[in-house]
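What follows is the content of target35.tsv, which has TSV, C-alpha atoms and all ligand atoms:
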```
chain	number	residue	atom	x	y	z
A	1	MET	CA	16.71	29.27	10.27
A	2	LYS	CA	14.05	31.55	8.85
A	3	ILE	CA	11.75	28.57	8.37
A	4	ARG	CA	12.34	27.44	11.90
A	5	LEU	CA	11.55	30.87	13.27
A	6	PHE	CA	8.40	31.02	11.25
A	7	LEU	CA	7.40	27.58	12.42
A	8	LEU	CA	7.95	28.64	15.98
A	9	GLN	CA	5.68	31.64	15.53
A	10	PHE	CA	3.18	29.57	13.67
A	11	VAL	CA	3.01	26.91	16.33
A	12	LEU	CA	2.89	29.55	19.04
A	13	PHE	CA	-0.21	31.07	17.61
A	14	LEU	CA	-1.68	27.65	17.12
A	15	LEU	CA	-1.34	27.26	20.86
A	16	CYS	CA	-3.71	30.16	21.43
A	17	SER	CA	-6.43	28.94	19.12
A	18	SER	CA	-9.56	26.93	19.88
A	19	SER	CA	-11.49	26.01	16.75
A	20	LEU	CA	-12.76	22.61	15.75
A	21	SER	CA	-12.54	20.71	12.53
A	22	PHE	CA	-12.71	17.07	11.53
A	23	ALA	CA	-10.43	15.05	9.37
A	24	LYS	CA	-12.46	14.36	6.28
A	25	ILE	CA	-10.45	11.65	4.62
A	26	PRO	CA	-11.53	8.10	5.14
A	27	PRO	CA	-8.55	5.93	5.96
A	28	ARG	CA	-7.35	3.82	3.07
A	29	PHE	CA	-4.47	1.64	2.12
A	30	PRO	CA	-1.81	2.62	-0.34
A	31	SER	CA	-2.46	1.24	-3.80
A	32	SER	CA	-0.44	-1.76	-4.82
A	33	SER	CA	1.30	0.28	-7.50
A	34	PHE	CA	2.83	2.42	-4.78
A	35	VAL	CA	3.66	-0.32	-2.33
A	36	GLN	CA	6.38	-2.63	-3.51
A	37	PRO	CA	5.99	-5.66	-1.31
A	38	GLU	CA	9.50	-6.90	-1.98
A	39	ASN	CA	10.87	-3.79	-0.27
A	40	LEU	CA	8.77	-4.16	2.83
A	41	TYR	CA	9.57	-5.21	6.33
A	42	PHE	CA	10.02	-8.92	6.93
A	43	SER	CA	9.37	-10.57	10.27
A	44	LEU	CA	12.70	-11.23	11.96
A	45	ALA	CA	11.75	-14.80	12.82
A	46	TYR	CA	11.52	-15.65	9.14
A	47	LYS	CA	14.52	-13.72	7.95
A	48	GLY	CA	16.61	-15.83	5.64
A	49	ASN	CA	13.69	-18.20	5.08
A	50	LYS	CA	11.10	-17.87	2.41
A	51	LEU	CA	8.11	-16.17	4.03
A	52	TYR	CA	5.58	-17.82	1.72
A	53	GLU	CA	4.94	-19.56	-1.54
A	54	THR	CA	2.45	-18.42	-4.16
A	55	ASN	CA	-0.39	-20.30	-5.83
A	56	TYR	CA	-3.27	-19.40	-8.09
A	57	PHE	CA	-6.76	-20.85	-7.93
A	58	THR	CA	-9.33	-20.76	-10.71
A	59	GLN	CA	-12.16	-18.90	-9.01
A	60	ILE	CA	-15.80	-18.44	-10.04
A	61	LEU	CA	-16.68	-14.87	-10.98
A	62	ASP	CA	-20.27	-14.97	-9.72
A	63	HIS	CA	-21.20	-17.32	-6.92
A	64	PHE	CA	-24.85	-16.35	-6.77
A	65	ASN	CA	-26.65	-16.98	-10.05
A	66	TYR	CA	-26.60	-19.07	-13.21
A	67	ASN	CA	-26.51	-16.42	-15.93
A	68	PRO	CA	-24.10	-17.32	-18.73
A	69	ASP	CA	-21.82	-14.44	-17.59
A	70	SER	CA	-21.49	-16.07	-14.21
A	71	TYR	CA	-19.60	-19.03	-15.60
A	72	GLN	CA	-16.60	-16.82	-16.16
A	73	THR	CA	-13.60	-17.46	-13.94
A	74	PHE	CA	-10.50	-15.59	-12.84
A	75	GLN	CA	-7.17	-16.43	-11.27
A	76	GLN	CA	-7.17	-15.79	-7.55
A	77	ARG	CA	-3.82	-15.58	-5.85
A	78	TYR	CA	-3.10	-17.09	-2.46
A	79	LEU	CA	0.07	-17.34	-0.44
A	80	PHE	CA	0.89	-20.13	1.95
A	81	ASN	CA	3.51	-21.31	4.40
A	82	ASP	CA	3.50	-24.93	5.57
A	83	LYS	CA	6.79	-24.80	7.46
A	84	HIS	CA	5.14	-25.53	10.81
A	85	TRP	CA	2.09	-27.42	9.66
A	86	GLY	CA	1.43	-30.58	11.64
A	87	GLY	CA	-0.21	-32.18	8.60
A	88	ALA	CA	-3.59	-33.58	7.61
A	89	LYS	CA	-3.06	-36.83	9.52
A	90	ASN	CA	-2.88	-34.92	12.78
A	91	ASN	CA	-5.80	-32.68	11.86
A	92	ALA	CA	-3.42	-29.77	12.35
A	93	PRO	CA	-5.18	-26.41	11.93
A	94	ILE	CA	-5.26	-24.08	8.96
A	95	PHE	CA	-5.03	-20.35	9.65
A	96	VAL	CA	-6.47	-18.29	6.83
A	97	TYR	CA	-6.05	-14.55	6.36
A	98	THR	CA	-9.11	-13.12	4.59
A	99	GLY	CA	-7.45	-10.59	2.31
A	100	ASN	CA	-8.35	-6.90	2.38
A	101	GLU	CA	-8.61	-4.34	-0.37
A	102	GLY	CA	-4.99	-4.49	-1.49
A	103	ASP	CA	-2.02	-6.56	-2.58
A	104	ILE	CA	-2.05	-9.68	-0.40
A	105	GLU	CA	1.76	-9.72	-0.14
A	106	TRP	CA	1.60	-6.45	1.71
A	107	PHE	CA	-0.87	-7.77	4.31
A	108	THR	CA	1.01	-11.04	4.65
A	109	GLN	CA	4.27	-9.26	5.34
A	110	ASN	CA	2.58	-7.12	7.95
A	111	THR	CA	0.75	-9.88	9.80
A	112	GLY	CA	3.58	-11.12	12.00
A	113	PHE	CA	1.10	-12.45	14.55
A	114	MET	CA	0.11	-15.41	12.38
A	115	PHE	CA	3.74	-16.29	11.72
A	116	GLU	CA	4.50	-16.05	15.42
A	117	ILE	CA	1.72	-18.38	16.53
A	118	ALA	CA	2.00	-20.89	13.66
A	119	PRO	CA	4.74	-23.00	15.35
A	120	HIS	CA	2.75	-23.20	18.59
A	121	PHE	CA	-0.40	-24.46	16.84
A	122	LYS	CA	1.47	-26.37	14.11
A	123	ALA	CA	-0.69	-24.42	11.72
A	124	LEU	CA	-0.70	-24.11	7.97
A	125	LEU	CA	-0.81	-20.43	6.99
A	126	VAL	CA	-2.86	-19.30	4.00
A	127	PHE	CA	-3.36	-15.72	2.85
A	128	ILE	CA	-6.02	-15.25	0.19
A	129	GLU	CA	-6.07	-12.17	-2.03
A	130	HIS	CA	-9.33	-10.23	-2.36
A	131	ARG	CA	-10.84	-10.23	-5.86
A	132	PHE	CA	-10.10	-7.10	-7.93
A	133	TYR	CA	-6.86	-6.42	-6.01
A	134	GLY	CA	-3.21	-7.23	-6.45
A	135	LYS	CA	-2.89	-10.05	-8.95
A	136	SER	CA	-6.44	-11.37	-8.50
A	137	ILE	CA	-8.07	-9.32	-11.22
A	138	PRO	CA	-11.05	-10.78	-13.10
A	139	TYR	CA	-11.42	-10.38	-16.88
A	140	GLY	CA	-8.14	-12.03	-17.69
A	141	GLY	CA	-6.23	-9.93	-15.21
A	142	ASP	CA	-7.01	-6.77	-17.16
A	143	LYS	CA	-7.54	-4.01	-14.61
A	144	GLU	CA	-8.80	-1.56	-17.24
A	145	ILE	CA	-11.65	-3.88	-18.15
A	146	ALA	CA	-12.33	-5.09	-14.60
A	147	TYR	CA	-12.73	-1.56	-13.34
A	148	SER	CA	-14.38	-0.15	-16.46
A	149	ASN	CA	-18.08	0.06	-15.52
A	150	THR	CA	-20.78	-0.99	-13.12
A	151	SER	CA	-21.46	-4.29	-14.86
A	152	THR	CA	-17.87	-5.44	-14.37
A	153	LEU	CA	-17.42	-3.77	-10.96
A	154	GLY	CA	-20.67	-5.33	-9.80
A	155	TYR	CA	-18.65	-8.44	-9.06
A	156	LEU	CA	-16.54	-6.53	-6.56
A	157	SER	CA	-18.45	-7.09	-3.33
A	158	SER	CA	-17.73	-8.41	0.14
A	159	THR	CA	-20.42	-11.05	-0.37
A	160	GLN	CA	-18.63	-12.43	-3.44
A	161	ALA	CA	-15.27	-12.17	-1.66
A	162	LEU	CA	-16.53	-14.29	1.25
A	163	ALA	CA	-17.84	-16.89	-1.18
A	164	ASP	CA	-14.41	-16.88	-2.88
A	165	TYR	CA	-12.76	-17.63	0.44
A	166	ALA	CA	-15.18	-20.45	1.24
A	167	THR	CA	-14.73	-22.00	-2.22
A	168	LEU	CA	-10.95	-21.80	-2.08
A	169	ILE	CA	-10.66	-23.12	1.48
A	170	ILE	CA	-12.94	-26.10	0.79
A	171	ASP	CA	-11.00	-26.94	-2.39
A	172	LEU	CA	-7.63	-26.56	-0.69
A	173	LYS	CA	-8.66	-28.84	2.17
A	174	LYS	CA	-9.83	-31.42	-0.33
A	175	ASN	CA	-6.51	-31.24	-2.18
A	176	LEU	CA	-4.59	-31.64	1.05
A	177	THR	CA	-6.95	-34.40	2.25
A	178	ALA	CA	-7.27	-32.20	5.29
A	179	THR	CA	-11.04	-32.04	5.46
A	180	ASP	CA	-10.93	-32.51	9.24
A	181	SER	CA	-8.36	-29.79	9.89
A	182	PRO	CA	-10.05	-26.90	11.69
A	183	VAL	CA	-9.89	-23.52	9.96
A	184	VAL	CA	-9.52	-20.26	11.83
A	185	VAL	CA	-9.79	-17.02	9.87
A	186	PHE	CA	-7.86	-13.86	10.65
A	187	GLY	CA	-8.10	-10.32	9.39
A	188	GLY	CA	-7.40	-6.71	10.16
A	189	SER	CA	-9.48	-3.65	9.32
A	190	TYR	CA	-11.77	-4.48	6.35
A	191	GLY	CA	-10.08	-7.90	6.33
A	192	GLY	CA	-11.19	-8.24	9.96
A	193	MET	CA	-14.76	-7.43	9.01
A	194	LEU	CA	-14.51	-10.15	6.38
A	195	ALA	CA	-13.13	-12.60	8.95
A	196	ALA	CA	-16.01	-11.91	11.34
A	197	TRP	CA	-18.63	-12.09	8.60
A	198	PHE	CA	-17.03	-15.26	7.29
A	199	ARG	CA	-17.49	-16.94	10.66
A	200	LEU	CA	-21.15	-15.81	10.69
A	201	LYS	CA	-21.97	-16.82	7.13
A	202	TYR	CA	-19.78	-19.91	6.74
A	203	PRO	CA	-19.76	-21.48	10.22
A	204	HIS	CA	-19.31	-24.92	8.62
A	205	VAL	CA	-16.01	-23.77	7.05
A	206	THR	CA	-14.40	-22.05	10.01
A	207	ILE	CA	-14.47	-22.68	13.75
A	208	GLY	CA	-13.43	-19.17	14.68
A	209	ALA	CA	-12.42	-15.72	13.54
A	210	LEU	CA	-10.00	-13.18	14.86
A	211	ALA	CA	-11.00	-9.70	13.74
A	212	SER	CA	-8.43	-7.04	14.56
A	213	SER	CA	-9.19	-3.30	14.27
A	214	ALA	CA	-12.32	-4.27	12.40
A	215	PRO	CA	-15.09	-1.65	12.20
A	216	ILE	CA	-17.72	-4.37	11.94
A	217	LEU	CA	-20.61	-2.15	12.98
A	218	ASN	CA	-19.32	1.11	11.53
A	219	PHE	CA	-22.30	1.77	9.28
A	220	GLU	CA	-24.79	4.55	8.94
A	221	ASN	CA	-27.44	4.53	11.68
A	222	ILE	CA	-25.57	1.89	13.66
A	223	THR	CA	-22.43	3.74	14.72
A	224	SER	CA	-21.90	7.48	15.07
A	225	PRO	CA	-20.19	8.97	11.99
A	226	TYR	CA	-17.81	10.69	14.41
A	227	SER	CA	-16.67	7.56	16.20
A	228	PHE	CA	-13.56	7.05	14.07
A	229	ASN	CA	-12.33	10.61	14.48
A	230	ASN	CA	-13.25	10.59	18.15
A	231	ILE	CA	-10.94	7.64	18.70
A	232	ILE	CA	-8.13	9.37	16.80
A	233	THR	CA	-8.69	12.47	18.94
A	234	GLN	CA	-8.64	10.42	22.13
A	235	ASP	CA	-5.32	8.87	21.13
A	236	PHE	CA	-3.66	12.29	21.04
A	237	ARG	CA	-5.59	13.71	23.96
A	238	GLY	CA	-4.59	10.69	26.02
A	239	GLU	CA	-0.97	11.69	25.52
A	240	SER	CA	-1.49	15.30	26.53
A	241	GLU	CA	-4.21	17.92	26.65
A	242	ASN	CA	-1.79	20.41	25.12
A	243	CYS	CA	-1.14	18.14	22.15
A	244	TYR	CA	-4.88	17.87	21.55
A	245	LYS	CA	-5.36	21.64	21.78
A	246	VAL	CA	-2.53	22.44	19.38
A	247	ILE	CA	-3.87	20.07	16.75
A	248	LYS	CA	-7.46	21.12	17.24
A	249	GLY	CA	-6.51	24.76	16.97
A	250	SER	CA	-4.35	24.32	13.90
A	251	TRP	CA	-7.16	23.88	11.39
A	252	LYS	CA	-8.63	27.32	11.80
A	253	LYS	CA	-5.18	28.92	11.96
A	254	ILE	CA	-4.29	27.38	8.63
A	255	GLU	CA	-7.53	28.61	7.08
A	256	ASP	CA	-7.04	32.09	8.52
A	257	MET	CA	-3.48	32.37	7.30
A	258	ALA	CA	-4.45	31.12	3.84
A	259	LYS	CA	-6.86	34.07	3.54
A	260	THR	CA	-4.17	36.70	4.22
A	261	THR	CA	-2.11	38.25	1.42
A	262	GLY	CA	0.72	35.91	0.60
A	263	GLY	CA	-0.60	33.51	3.24
A	264	LEU	CA	-0.81	30.50	0.96
A	265	LYS	CA	2.76	31.08	-0.16
A	266	LYS	CA	3.92	31.29	3.43
A	267	LEU	CA	2.14	28.07	4.28
A	268	ARG	CA	3.55	26.40	1.23
A	269	LYS	CA	7.08	27.42	2.17
A	270	SER	CA	6.83	26.62	5.85
A	271	PHE	CA	5.39	23.19	5.15
A	272	ARG	CA	7.80	22.74	2.24
A	273	LEU	CA	4.99	21.82	-0.11
A	274	CYS	CA	5.44	21.48	-3.80
A	275	LYS	CA	4.04	24.05	-6.22
A	276	ASN	CA	0.84	22.25	-7.02
A	277	TYR	CA	-0.34	23.02	-3.49
A	278	ILE	CA	-3.52	24.96	-4.06
A	279	SER	CA	-5.58	25.54	-0.93
A	280	SER	CA	-5.70	25.52	2.84
A	281	GLY	CA	-8.16	22.63	2.53
A	282	SER	CA	-5.59	20.39	0.91
A	283	LEU	CA	-3.03	21.29	3.58
A	284	VAL	CA	-5.53	20.54	6.33
A	285	ASN	CA	-6.37	17.23	4.66
A	286	TRP	CA	-2.72	16.36	4.34
A	287	LEU	CA	-1.97	17.11	7.98
A	288	SER	CA	-5.06	15.44	9.35
A	289	THR	CA	-4.25	12.36	7.30
A	290	ALA	CA	-0.80	12.31	8.88
A	291	PHE	CA	-2.35	12.44	12.36
A	292	THR	CA	-4.89	9.80	11.41
A	293	TYR	CA	-2.36	7.36	10.04
A	294	THR	CA	-0.04	7.99	12.97
A	295	ALA	CA	-2.85	6.99	15.34
A	296	MET	CA	-3.85	4.05	13.17
A	297	THR	CA	-0.32	2.67	13.32
A	298	ASP	CA	0.44	3.59	16.92
A	299	TYR	CA	2.36	0.39	17.55
A	300	PRO	CA	4.62	-0.08	20.58
A	301	THR	CA	7.54	-1.00	18.32
A	302	ALA	CA	9.10	0.80	15.38
A	303	SER	CA	7.23	-0.24	12.25
A	304	ASN	CA	6.86	0.36	8.56
A	305	PHE	CA	3.25	-0.45	7.83
A	306	LEU	CA	1.76	2.62	6.15
A	307	ASN	CA	4.90	4.67	6.62
A	308	PRO	CA	8.18	4.27	8.50
A	309	LEU	CA	7.47	5.33	12.09
A	310	PRO	CA	9.20	5.04	15.45
A	311	ALA	CA	7.72	3.09	18.35
A	312	SER	CA	4.61	4.74	19.89
A	313	PRO	CA	4.43	7.48	17.25
A	314	VAL	CA	1.52	9.32	18.92
A	315	LYS	CA	3.68	9.81	21.98
A	316	GLU	CA	6.47	10.99	19.68
A	317	VAL	CA	4.16	13.59	18.16
A	318	GLN	CA	3.27	14.75	21.65
A	319	VAL	CA	6.94	15.08	22.54
A	320	PHE	CA	7.59	17.07	19.38
A	321	ILE	CA	4.61	19.30	19.99
A	322	THR	CA	6.16	20.15	23.32
A	323	GLU	CA	9.35	21.03	21.46
A	324	THR	CA	7.27	23.27	19.24
A	325	SER	CA	9.85	24.33	16.71
A	326	THR	CA	10.43	20.86	15.39
A	327	PHE	CA	6.88	19.60	15.62
A	328	TYR	CA	5.75	20.43	12.14
A	329	LEU	CA	9.00	19.33	10.59
A	330	TYR	CA	8.31	15.98	12.15
A	331	ILE	CA	4.80	15.89	10.80
A	332	ILE	CA	6.10	16.75	7.37
A	333	SER	CA	8.70	14.02	7.31
A	334	GLY	CA	6.16	11.64	8.79
A	335	SER	CA	3.68	12.26	6.02
A	336	GLN	CA	5.80	12.47	2.91
A	337	PHE	CA	4.09	9.60	1.21
A	338	LEU	CA	0.67	10.65	2.42
A	339	GLY	CA	1.28	13.95	0.72
A	340	GLU	CA	1.52	12.25	-2.60
A	341	TYR	CA	-1.87	10.79	-1.96
A	342	ASN	CA	-3.84	13.67	-0.72
A	343	ILE	CA	-2.54	16.81	-2.30
A	344	ILE	CA	-4.22	17.13	-5.62
B	1	LIG	C1	-18.66	-2.61	-19.49
B	1	LIG	O1	-17.32	-2.96	-19.80
B	1	LIG	C2	-17.21	-4.21	-20.46
B	1	LIG	C3	-15.74	-4.52	-20.60
B	1	LIG	O2	-15.00	-3.42	-21.07
B	1	LIG	C4	-17.92	-4.14	-21.82
B	1	LIG	O3	-17.83	-5.39	-22.47
B	1	LIG	C5	-19.39	-3.80	-21.57
B	1	LIG	O4	-20.04	-3.62	-22.80
B	1	LIG	C6	-19.51	-2.54	-20.72
B	1	LIG	N1	-20.90	-2.38	-20.34
B	1	LIG	C7	-21.50	-1.23	-20.32
B	1	LIG	C8	-22.94	-1.22	-19.85
B	1	LIG	O5	-20.96	-0.18	-20.65
B	2	LIG	C1	-6.55	-28.28	-6.09
B	2	LIG	O1	-6.03	-29.10	-7.08
B	2	LIG	C2	-6.52	-28.85	-8.40
B	2	LIG	C3	-5.95	-29.92	-9.32
B	2	LIG	O2	-4.55	-29.89	-9.28
B	2	LIG	C4	-6.09	-27.43	-8.78
B	2	LIG	O3	-6.58	-27.13	-10.09
B	2	LIG	C5	-6.64	-26.45	-7.79
B	2	LIG	O4	-6.18	-25.13	-8.10
B	2	LIG	C6	-6.19	-26.82	-6.38
B	2	LIG	N1	-6.86	-25.96	-5.43
B	2	LIG	C7	-6.19	-25.03	-4.72
B	2	LIG	C8	-7.00	-24.23	-3.75
B	2	LIG	O5	-5.02	-24.81	-4.86
B	3	LIG	C1	-30.62	6.25	8.46
B	3	LIG	O1	-31.73	6.82	9.10
B	3	LIG	C2	-32.31	7.90	8.41
B	3	LIG	C3	-33.40	8.49	9.29
B	3	LIG	O2	-34.25	7.50	9.78
B	3	LIG	C4	-32.85	7.40	7.06
B	3	LIG	O3	-33.40	8.47	6.33
B	3	LIG	C5	-31.71	6.79	6.27
B	3	LIG	O4	-32.17	6.23	5.07
B	3	LIG	C6	-31.01	5.70	7.10
B	3	LIG	N1	-29.83	5.23	6.38
B	3	LIG	C7	-29.61	3.95	6.13
B	3	LIG	C8	-28.38	3.61	5.37
B	3	LIG	O5	-30.36	3.07	6.50
```
Using structure tokens, write down the structure from this file.
Ligand SMILES: *[C@@H]1O[C@H](CO)[C@@H](O)[C@H](O)[C@H]1NC(C)=O
Ligand SMILES: *[C@@H]1O[C@H](CO)[C@@H](O)[C@H](O)[C@H]1NC(C)=O
Ligand SMILES: *[C@@H]1O[C@H](CO)[C@@H](O)[C@H](O)[C@H]1NC(C)=O
Amino acid sequence: MKIRLFLLQFVLFLLCSSSLSFAKIPPRFPSSSFVQPENLYFSLAYKGNKLYETNYFTQILDHFNYNPDSYQTFQQRYLFNDKHWGGAKNNAPIFVYTGNEGDIEWFTQNTGFMFEIAPHFKALLVFIEHRFYGKSIPYGGDKEIAYSNTSTLGYLSSTQALADYATLIIDLKKNLTATDSPVVVFGGSYGGMLAAWFRLKYPHVTIGALASSAPILNFENITSPYSFNNIITQDFRGESENCYKVIKGSWKKIEDMAKTTGGLKKLRKSFRLCKNYISSGSLVNWLSTAFTYTAMTDYPTASNFLNPLPASPVKEVQVFITETSTFYLYIISGSQFLGEYNII
């Protein structure tokens, strides 16, 4: 009850504030050690069936020169589902997901779109894991070595990853005697950038690319550094002006309260943070990450991509902001796992 009262006061004075701050954390995916793909959401259409099978391909470490080191190889994982494939004889298409920076099982299980359209196109589905992630670790699968220094990490680049995908796709088509089957690549986020770049750089391997939520031009001097946060802001502001004002005002209020005697302790208690909570900055980061991920996964149906969320979670936040006393409790429960990531 005390906490609720405090939250009410806290949110009330947030309502009167008008300072500006930006979320500073770049969006990222949970590490594969945290995400356990086997526990994740499975597309209903495939429930009871095996979603995919797993294969490994002996991949070249360095596609771009002939130094002795470059002859090293590693095992690259790919997943596939041929349930609906119309076969090589019919030149039925191959849909390839160009894996992002994470465990490929996780992306596969969250890319229902490809599974939904596969029957219509009689497509073979292939999901290729990005080098240095999941189980596709060079240097004998030893992550310690692969990530140890710049000479090993030098092989972790989007350019090499695209060449991996081209090499694997060409080899797979040969094995399936499906050289005439058209390939379409798919990807989301960084995977979407890879899909688009793949179409540009390997037009002889793919006839098309679908890049979803892909910040293809989000680079210095091309796109404003504020564009990402502006879109997040618009998502909340689109729901309600009040929602936008409360969130915008909260950053300064948190900083101000942290400076008062016992302020940090109050914040820690009201946000139910653990004892290693050390500064207003980390609280602001934690909250802004929650808002960011909520906007990033603002799907019209309930989902469990980065975190379990109801349908249209941005709207939900807006509703809870209106019911001020429960708003921050919602944010807290909605960002439990993010907390583990961002509070040092
Ligand atoms: C980088 O790490 C690899 C593997 O651990 C090692 O063989 C190599 O000597 C290291 N190179 C440098 C420059 O430290
Ligand atoms: C194609 O077949 C060869 C020989 O069995 C195998 O070594 C290779 O991994 C296969 N390629 C793919 C992409 O699975
Ligand atoms: C962006 O433009 C500035 C000013 O012209 C320049 O100093 C900087 O090097 C550019 N950055 C990149 C990544 O090209």
Edge lengths and centre in Å, axis-aligned, ligand LIG 1 (chain B) plus 6 Å each side, as lines of an AutoDock Vina configuration file:
```
center_x = -19.0
center_y = -2.8
center_z = -21.1
size_x = 19.9
size_y = 17.2
size_z = 15.3
```
TODO: Kindly work out which residues sit at most 10 Å from ligand LIG 3 (chain B), using only C-alpha atoms and all ligand atoms, and give the list as a PyMOL selection string.
DONE: chain A and resi 219-222
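Minimum atom-to-atom distance to Val317 (chain A), evaluated using all atoms listed in the file, belongs to A:Val246 out of A:Ile60, A:Ala166, A:Val246, A:Leu124.
Proximity of A:Asn229, A:Ser279, A:Phe236, A:Gln76 to ligand LIG 2 (chain B), computed with only C-alpha atoms and all ligand atoms, is greatest for A:Gln76.
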Do you have, as CSV, the list of residues of chain A lying at most 6 Å from ligand LIG 1 (chain B), each with its nearest atom pair and that distance in Å to one decimal, counting all atoms listed in the file and ordered by chain then number?
```
residue,atom,partner,partner_atom,distance
A:Ile145,CA,B:LIG1,O2,4.5
A:Ser148,CA,B:LIG1,O1,5.3
A:Asn149,CA,B:LIG1,C1,4.8
A:Ser151,CA,B:LIG1,C1,5.7
A:Thr152,CA,B:LIG1,C1,5.9
```
With C-alpha atoms retained, could you export that selection as a short mmCIF file (atom, residue, chain, number, x, y, z; two decimals), keeping the file's coordinate frame?
```cif
data_model
loop_
_atom_site.label_atom_id
_atom_site.label_comp_id
_atom_site.auth_asym_id
_atom_site.auth_seq_id
_atom_site.Cartn_x
_atom_site.Cartn_y
_atom_site.Cartn_z
CA ILE A 145 -11.65 -3.88 -18.15
CA SER A 148 -14.38 -0.15 -16.46
CA ASN A 149 -18.08 0.06 -15.52
CA SER A 151 -21.46 -4.29 -14.86
CA THR A 152 -17.87 -5.44 -14.37
#
```
Open item on the list: Calculated over all atoms listed in the file, which of the candidates A:Ala311, A:Leu172, A:Leu267, A:Ala209 has the smallest distance to ligand LIG 2 (chain B)?
Closed with: A:Leu172
Task: All residues having an atom within 12 Å of ligand LIG 2 (chain B) (all atoms listed in the file) as a ChimeraX atom specification - done: /A:53-60,74-80,126-128,164-177
Task: Near-Gln234 (chain A) list (10 Å; all atoms listed in the file; drop same-chain fewer than 5 positions) as a PyMOL selection string - done: chain A and resi 229+239-241+244+295
For Met193 (chain A), please output as a compact mmCIF listing (two decimals) with C-alpha atoms, in the coordinates of the input all residues within 9 Å (counting all atoms listed in the file; exclusion window: fewer than 6 positions along the same chain).
```txt
# COMPACT_ATOMS: atom_id res chain seq x y z
CA GLY A 187 -8.10 -10.32 9.39
CA ALA A 211 -11.00 -9.70 13.74
CA SER A 212 -8.43 -7.04 14.56
CA SER A 213 -9.19 -3.30 14.27
CA ALA A 214 -12.32 -4.27 12.40
CA PRO A 215 -15.09 -1.65 12.20
CA ILE A 216 -17.72 -4.37 11.94
CA LEU A 217 -20.61 -2.15 12.98
```
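Nearest residue to Ala88 (chain A) among A:Ala196, A:Thr150, A:Asp180, A:His130 is A:Asp180, counting all atoms listed in the file.
The space between CA of Asn90 (chain A) and CA of Arg199 (chain A) spans 23.3 Å.
For the pair CA of Gly140 (chain A) and CA of Gln109 (chain A), the separation is 26.3 Å.
The space between CA of Trp106 (chain A) and CA of Leu194 (chain A) spans 17.2 Å.
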Task: Of the listed residues A:Leu61, A:Asp82, A:Gly99, A:Glu116, that which approaches Ala146 (chain A) most closely, counting all atoms listed in the file - done: A:Leu61
Task: Closest of A:Leu283, A:Leu210, A:Cys243, A:Val184 to Gln318 (chain A) - atom-to-atom distances counting only C-alpha atoms - done: A:Cys243
Open item on the list: Which polymer residues, whether protein, DNA or RNA, lie within 12 Å of the coordinate (-5.3, 25.0, -5.6) when you count all atoms listed in the file? List them as a PyMOL selection string, using the chain letters and numbers from the file.
Closed with: chain A and resi 258+264-265+268+274-283+343-344
Region 62-68 of chain A environment, 9 Å, only C-alpha atoms, sequence neighbours closer than 2 positions dropped, as a short mmCIF file (atom, residue, chain, number, x, y, z; two decimals) with C-alpha atoms, keeping the file's coordinate frame:
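Contents of the output file selection_32.cif:
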```
data_model
loop_
_atom_site.label_atom_id
_atom_site.label_comp_id
_atom_site.auth_asym_id
_atom_site.auth_seq_id
_atom_site.Cartn_x
_atom_site.Cartn_y
_atom_site.Cartn_z
CA ILE A 60 -15.80 -18.44 -10.04
CA SER A 70 -21.49 -16.07 -14.21
CA TYR A 71 -19.60 -19.03 -15.60
CA GLN A 72 -16.60 -16.82 -16.16
CA THR A 73 -13.60 -17.46 -13.94
CA TYR A 155 -18.65 -8.44 -9.06
CA GLN A 160 -18.63 -12.43 -3.44
CA ALA A 163 -17.84 -16.89 -1.18
CA ASP A 164 -14.41 -16.88 -2.88
#
```
Which residues come within 7 Å of Val185 (chain A), counting only C-alpha atoms, excluding same-chain residues fewer than 6 positions away, as a short mmCIF file (atom, residue, chain, number, x, y, z; two decimals) with C-alpha atoms, keeping the file's coordinate frame?
```cif
data_model
loop_
_atom_site.label_atom_id
_atom_site.label_comp_id
_atom_site.auth_asym_id
_atom_site.auth_seq_id
_atom_site.Cartn_x
_atom_site.Cartn_y
_atom_site.Cartn_z
CA PHE A 95 -5.03 -20.35 9.65
CA VAL A 96 -6.47 -18.29 6.83
CA TYR A 97 -6.05 -14.55 6.36
CA THR A 98 -9.11 -13.12 4.59
CA ALA A 195 -13.13 -12.60 8.95
CA THR A 206 -14.40 -22.05 10.01
CA GLY A 208 -13.43 -19.17 14.68
CA ALA A 209 -12.42 -15.72 13.54
CA LEU A 210 -10.00 -13.18 14.86
#
```
Since the input is missing atoms for region 259-264 of chain A, could you rebuild it with N, CA and C atoms and give the result as a tab-separated table (two decimals), in the coordinates of the input?
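Generated file (selection03.tsv):
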```tsv
chain	number	residue	atom	x	y	z
A	259	LYS	N	-6.05	32.94	4.05
A	259	LYS	CA	-6.86	34.07	3.54
A	259	LYS	C	-6.06	35.37	3.48
A	260	THR	N	-4.95	35.45	4.22
A	260	THR	CA	-4.17	36.70	4.22
A	260	THR	C	-3.35	36.82	2.94
A	261	THR	N	-2.93	38.03	2.62
A	261	THR	CA	-2.11	38.25	1.42
A	261	THR	C	-0.80	37.48	1.57
A	262	GLY	N	-0.52	36.70	0.58
A	262	GLY	CA	0.72	35.91	0.60
A	262	GLY	C	0.68	34.75	1.59
A	263	GLY	N	-0.48	34.55	2.20
A	263	GLY	CA	-0.60	33.51	3.24
A	263	GLY	C	-0.37	32.10	2.70
A	264	LEU	N	-0.96	31.84	1.55
A	264	LEU	CA	-0.81	30.50	0.96
A	264	LEU	C	0.66	30.21	0.66
```
